[in-house]
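Structure, as structure tokens:
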Amino acid sequence: DYFYTSAFNPEGITIEWTDENGKKWSTLNGDQSGSVFTITEVKKKYISGVTVLDVRMGFTCAVYDVNGTSISITSAEYYGAFKNN
């Protein structure tokens with residue numbers, strides 16, 4: 001489990017999203033008490049001699065616009081590949 005980034009905790013995860021109307025939403029703009037971010041799976045692979053990590057993450061959080069309006073995201077999952085330096 002990982003913490004969400006905040007003014008008090010600069011180390012952590014930030015979820016940002018731009019909706020279909022171009023409005024930006026972020027976990028940085030509001031309270032994340034009760035929110036969860038967990039890395040649930042990591043698979044290492046090699047592509048042309050480069051180590052790549054396939055990572056599956058689960059999260060629940062609130063994202064806020066600049067006016068403080070919030071949207072709750074529950075039981076979400078993200079799967080992506082990251083280059084391992």
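Each chain in the structure tokens gets a letter, A, B and so on, in the order shown; residues start at 1 in every chain, and ligands are counted from 1 in the order they appear.
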Notebook entry, point to check: Quick one: DSSP strand (DSSP E or B) residues in chain A, as an MDAnalysis selection string?
Noted result: chainID A and resid 2 4 13 16:18 24:26 36:47 50:64 70:83
Can you tell me which residues surround Tyr78 of chain A at a distance of at most 7 Å, considering only C-alpha atoms, apart from same-chain residues fewer than 3 positions away, and format the answer as a PDB file with N, CA, C and O atoms, in the first residue's frame?
ATOM      1  N   ARG A  56       0.376  -3.968 -12.104  1.00  0.00           N
ATOM      2  CA  ARG A  56      -1.066  -3.843 -11.925  1.00  0.00           C
ATOM      3  C   ARG A  56      -1.295  -3.158 -10.576  1.00  0.00           C
ATOM      4  O   ARG A  56      -0.715  -3.555  -9.562  1.00  0.00           O
ATOM      5  N   MET A  57      -2.134  -2.129 -10.585  1.00  0.00           N
ATOM      6  CA  MET A  57      -2.395  -1.343  -9.389  1.00  0.00           C
ATOM      7  C   MET A  57      -3.890  -1.223  -9.160  1.00  0.00           C
ATOM      8  O   MET A  57      -4.657  -1.094 -10.120  1.00  0.00           O
ATOM      9  N   GLY A  58      -4.304  -1.272  -7.925  1.00  0.00           N
ATOM     10  CA  GLY A  58      -5.696  -1.058  -7.563  1.00  0.00           C
ATOM     11  C   GLY A  58      -5.806   0.187  -6.705  1.00  0.00           C
ATOM     12  O   GLY A  58      -4.909   0.491  -5.925  1.00  0.00           O
TER      13      GLY A  58
END
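By only C-alpha atoms, and with residues fewer than 4 positions from Val50 of chain A along its chain excluded, the set lying at most 9 Å from it is Lys45, Tyr46, Lys83, Asn84 and Asn85 of chain A.
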Which neighbours of Phe3 of chain A fall inside 10 Å, counting only C-alpha atoms, when residues of the same chain fewer than 5 positions from it are skipped, and could you give them as a tab-separated table (two decimals) with N, CA, C and O atoms, in the first residue's frame?
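Result saved to result.tsv:
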chain	number	residue	atom	x	y	z
A	9	ASN	N	3.05	15.35	2.53
A	9	ASN	CA	3.75	14.12	2.18
A	9	ASN	C	4.08	14.13	0.68
A	9	ASN	O	3.30	13.63	-0.13
A	10	PRO	N	5.23	14.72	0.32
A	10	PRO	CA	5.56	14.83	-1.11
A	10	PRO	C	5.92	13.50	-1.78
A	10	PRO	O	5.95	13.41	-3.00
A	11	GLU	N	6.16	12.46	-0.98
A	11	GLU	CA	6.48	11.16	-1.56
A	11	GLU	C	5.23	10.29	-1.53
A	11	GLU	O	4.66	10.03	-0.48
A	12	GLY	N	4.81	9.86	-2.69
A	12	GLY	CA	3.61	9.04	-2.78
A	12	GLY	C	3.11	9.05	-4.22
A	12	GLY	O	3.84	9.40	-5.14
A	13	ILE	N	1.86	8.69	-4.39
A	13	ILE	CA	1.27	8.57	-5.73
A	13	ILE	C	0.27	9.71	-5.92
A	13	ILE	O	-0.39	10.14	-4.98
A	14	THR	N	0.19	10.19	-7.14
A	14	THR	CA	-0.82	11.18	-7.53
A	14	THR	C	-1.61	10.61	-8.69
A	14	THR	O	-1.03	10.11	-9.65
A	32	GLN	N	-7.68	12.85	1.02
A	32	GLN	CA	-7.57	11.45	0.61
A	32	GLN	C	-7.71	10.48	1.79
A	32	GLN	O	-7.33	9.33	1.68
A	33	SER	N	-8.27	10.96	2.91
A	33	SER	CA	-8.48	10.04	4.03
A	33	SER	C	-9.45	8.94	3.58
A	33	SER	O	-10.45	9.22	2.93
A	35	SER	N	-8.71	6.74	1.38
A	35	SER	CA	-8.31	6.30	0.04
A	35	SER	C	-7.21	5.25	0.13
A	35	SER	O	-6.45	5.21	1.09
A	36	VAL	N	-7.13	4.40	-0.89
A	36	VAL	CA	-6.17	3.29	-0.90
A	36	VAL	C	-5.51	3.23	-2.27
A	36	VAL	O	-6.17	3.42	-3.29
A	37	PHE	N	-4.21	2.95	-2.28
A	37	PHE	CA	-3.48	2.67	-3.52
A	37	PHE	C	-2.57	1.49	-3.24
A	37	PHE	O	-1.74	1.53	-2.34
A	38	THR	N	-2.73	0.42	-4.01
A	38	THR	CA	-1.98	-0.81	-3.78
A	38	THR	C	-1.42	-1.34	-5.09
A	38	THR	O	-2.13	-1.38	-6.09
Margin query: Ranking A:Thr51, A:Ile39, A:Thr27, A:Thr18 by minimum distance to Ile73 of chain A and counting only C-alpha atoms, which one comes first?
Written below: A:Thr27
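One distance worth recording is that between atom CA of Glu20 of chain A and atom CA of Glu77 of chain A, which is 19.4 Å.
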Notebook entry, point to check: Nearest to Val66 of chain A among A:Val42, A:Ala81, A:Leu28, A:Ile47, with distances taken over only C-alpha atoms: which residue is it?
Noted result: A:Leu28
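The two atoms in question, atom CA of Gly80 of chain A and atom CA of Asn21 of chain A, are spaced 24.4 Å apart.
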